[in-house]
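**Student:** Right, I'll just put the structure down here and ask away after.
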Amino acid sequence: MKSHSLALLCASLFSLCASAAQPQTDRYVVSFPQGDRVAAHGASASTFPNGLPVGAGSGLYFLRNEGGDLLFATLTDRGPNADAPDMGKRAAKIFVSPDYAPLLMTIRAGSGRAAATEAHPLHDRQGKISGLPLPEGFIGATNEAALSDDLQLLGSDKRGLDTEGITADGNGGYWICDEYGPFIAHISADGQILQKYGPQAEGGEQGVAGGLPNIIKWRQPNRGFEGLTRMPDGRIIAAVQSTLDINGKSKNSARFTRLVSFDPATGKTATYGYPIDIEAYKKAKDAKIGDIVALDNQRLLLIEQGADKDKNMRNRIYLVNLGQASDLTPFDQQPPEFDDEATLKKRGVVLASKQLVVDLRALGWQQEKVEGLALIDNKTLAVINDNDFAVRAGLENALPGREKMDDYGADGKGHLQVDGRAVNTHIAVRPLAKPESENELWVIHLPEAL
């Protein structure tokens, strides 16, 4: 009896200790008190007469504690867009507000509230940039067909950016990254693009910007740089969202995605392999990086996420150490993306090491994605989702047996087609319901210092 009672006591104490060791969270829903809205055009204007909500949270950087409030810098992405059927051999996206310019914003969180204000459109010397894809033929072109919400073919934009990550430059401005190029850009505090870097053109290629390793041109479409951070020594580290697809053959099997190091002072670059949780996914391409933030010159925190083999979402924060990781550049004549674990070892390729810090799903996170990660201090983190401007596209008047978007094609002239013939099925852009439509900001208090 005493033994049984002692066992129960020990079990209770273990449960209590385990509970006490769990991270604690402060949870906010971000509001936009200045009434910032995105104008809806065409067919969506009647659905959104007051415009669409701004969707912040594509990146997050902690600025300072001000009067007990936490201040962050954040970004929107390329603007409200939604899925559309392919147009011929080209993937397509609906751009609800084609002239939208990505925004740099400030979030203030405290006293149970979080508000995003001080919106600055990203711009260069020619004016505001757009979020439209790059023209075909350029490095970084996704070959997407950009469509209006009434399925008319839109143009492309050599200056277009799909912004995803942000970090301070140490002098009052910021570094940001993009999914198209993929690009890294230096911007001022009011959002002016000062410099831009992308995959260096080789062998007759045409690039919008250079200075970065050519191999990252093989990023999967819309899975370029998803996060970046500035190390204490000044290097910029940018994370490619998913596995590279070299010559269209490596995305499903590569064991890692790339972290690109760029030193703005010298132009020196290197790339490192971050080992994805490859056994958790049906295919390697399903793993996605959300954001990164530096702890020191060797260690950083990284969000890995994606649907697992059972289609359950994973959102995990890892501590990643680059101290022993190989620079992959000398191996790129025969890219290690094609190597299995044994071959990587035989070639002497050492990937970064990692350990789990936080499983966000275990803490109750329900949003699909985490796209911003910030370090407040060595025991406190912040994460935020991107609500994709709270819109989603759906079919109306679908044909029997053809209820999926992939069952149709778009002709770029306002029609959906089946077997090359126009049909009376339409696409409507509709608002998302809560909680999917919300920007959630969590401040996470860790039980131990990093």
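To be explicit about the labels: the chains of the structure tokens are called A, B, and onward in the order shown, and within each one the residues are counted from 1, while ligands get numbers from 1 in the order they are shown.
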Show me, as a PyMOL selection string, the residues that have an atom within 10 Å of Gly51 in chain A when counting only C-alpha atoms, minus same-chain residues fewer than 6 positions from it.
**Tutor:** chain A and resi 36-41+44-45+97
**Student:** Write a file of the just-selected residues containing C-alpha atoms, as a JSON list (two decimals), in the first residue's frame.
**Tutor:**
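The resulting file, selection.json, is reproduced below:
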[["chain", "number", "residue", "atom", "x", "y", "z"],
["A", 36, "ASP", "CA", -5.55, 50.30, -43.07],
["A", 37, "ARG", "CA", -7.41, 48.44, -45.82],
["A", 38, "VAL", "CA", -6.46, 47.05, -49.21],
["A", 39, "ALA", "CA", -8.58, 48.22, -52.11],
["A", 40, "ALA", "CA", -10.47, 45.45, -53.90],
["A", 41, "HIS", "CA", -10.94, 45.78, -57.63],
["A", 44, "SER", "CA", -14.26, 41.52, -55.63],
["A", 45, "ALA", "CA", -15.24, 45.15, -55.09],
["A", 97, "SER", "CA", -5.33, 44.09, -55.75]]
**Student:** So that I can see what lies close to range 405-419 of chain A, please list as number ranges by chain the residues with an atom at most 7 Å from it, counting only C-alpha atoms and leaving out residues fewer than 3 positions away in the same chain.
**Tutor:** A: 84-88, 147, 150-153, 402, 422-423, 425-426
**Student:** Keeping N, CA and C atoms, export the residues of the selection given above as a short mmCIF file (atom, residue, chain, number, x, y, z; two decimals), in the first residue's frame.
**Tutor:**
data_model
loop_
_atom_site.label_atom_id
_atom_site.label_comp_id
_atom_site.auth_asym_id
_atom_site.auth_seq_id
_atom_site.Cartn_x
_atom_site.Cartn_y
_atom_site.Cartn_z
N ALA A 84 -5.69 29.69 -58.30
CA ALA A 84 -6.45 29.67 -59.56
C ALA A 84 -6.01 28.45 -60.36
N PRO A 85 -6.84 27.98 -61.28
CA PRO A 85 -6.42 26.87 -62.14
C PRO A 85 -5.23 27.28 -63.01
N ASP A 86 -4.47 26.30 -63.45
CA ASP A 86 -3.34 26.57 -64.33
C ASP A 86 -3.82 27.20 -65.64
N MET A 87 -2.94 27.99 -66.23
CA MET A 87 -3.21 28.54 -67.55
C MET A 87 -2.24 27.87 -68.51
N GLY A 88 -2.71 26.85 -69.20
CA GLY A 88 -1.82 26.04 -70.01
C GLY A 88 -0.84 25.31 -69.11
N LEU A 147 -3.34 36.63 -62.63
CA LEU A 147 -4.69 36.88 -63.12
C LEU A 147 -5.41 37.87 -62.22
N ASP A 150 -11.28 38.57 -62.10
CA ASP A 150 -12.20 38.11 -63.15
C ASP A 150 -11.44 37.32 -64.23
N LEU A 151 -10.24 36.81 -63.84
CA LEU A 151 -9.46 35.86 -64.63
C LEU A 151 -8.89 36.43 -65.92
N GLN A 152 -8.68 37.75 -65.94
CA GLN A 152 -7.97 38.37 -67.05
C GLN A 152 -6.47 38.34 -66.75
N LEU A 153 -5.67 38.07 -67.78
CA LEU A 153 -4.23 37.99 -67.60
C LEU A 153 -3.66 39.38 -67.30
N ARG A 402 -16.57 17.71 -60.93
CA ARG A 402 -15.43 18.60 -61.09
C ARG A 402 -15.50 19.70 -60.04
N ALA A 422 -14.81 26.64 -72.94
CA ALA A 422 -15.24 27.51 -71.85
C ALA A 422 -16.48 26.94 -71.17
N VAL A 423 -16.52 27.05 -69.84
CA VAL A 423 -17.67 26.57 -69.06
C VAL A 423 -18.19 27.72 -68.21
N THR A 425 -18.55 27.85 -65.05
CA THR A 425 -18.04 27.82 -63.68
C THR A 425 -17.20 29.07 -63.45
N HIS A 426 -17.30 29.62 -62.25
CA HIS A 426 -16.57 30.86 -61.93
C HIS A 426 -15.76 30.67 -60.66
#
**Student:** Report the closest atom pair, with its distance in Å rounded to one decimal, for each residue of range 337-443 of chain A that has an atom no farther than 12 Å from range 233-245 of chain A; count only C-alpha atoms, sort by chain and then rising residue number, and write it as a tab-separated table.
**Tutor:**
residue	atom	partner	partner_atom	distance
A:Glu337	CA	A:Leu244	CA	7.4
A:Phe338	CA	A:Asp245	CA	9.9
A:Glu371	CA	A:Gln241	CA	10.6
**Student:** Output C-alpha atoms for every residue in the selection just made, as a short mmCIF file (atom, residue, chain, number, x, y, z; two decimals), in the first residue's frame.
**Tutor:**
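selection_33.cif written:
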data_model
loop_
_atom_site.label_atom_id
_atom_site.label_comp_id
_atom_site.auth_asym_id
_atom_site.auth_seq_id
_atom_site.Cartn_x
_atom_site.Cartn_y
_atom_site.Cartn_z
CA GLU A 337 20.76 17.61 -52.80
CA PHE A 338 20.99 14.34 -54.76
CA GLU A 371 5.93 33.19 -40.65
#
**Student:** Within 7 Å of range 60-70 of chain A, counting only C-alpha atoms, which residues qualify if same-chain residues fewer than 5 places away don't, as a list in words?
**Tutor:**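 Counting only the stated atoms, we get Arg108, Ala109, Gly110, Gly165, Ile166, Thr167, Gly372, Leu373, Ala374, Leu375 and Ile376 of chain A.
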**Student:** Got a sec to tell me which of range 91-208 of chain A DSSP assigns to strand (DSSP E or B), as a count of residues only?
**Tutor:** 56
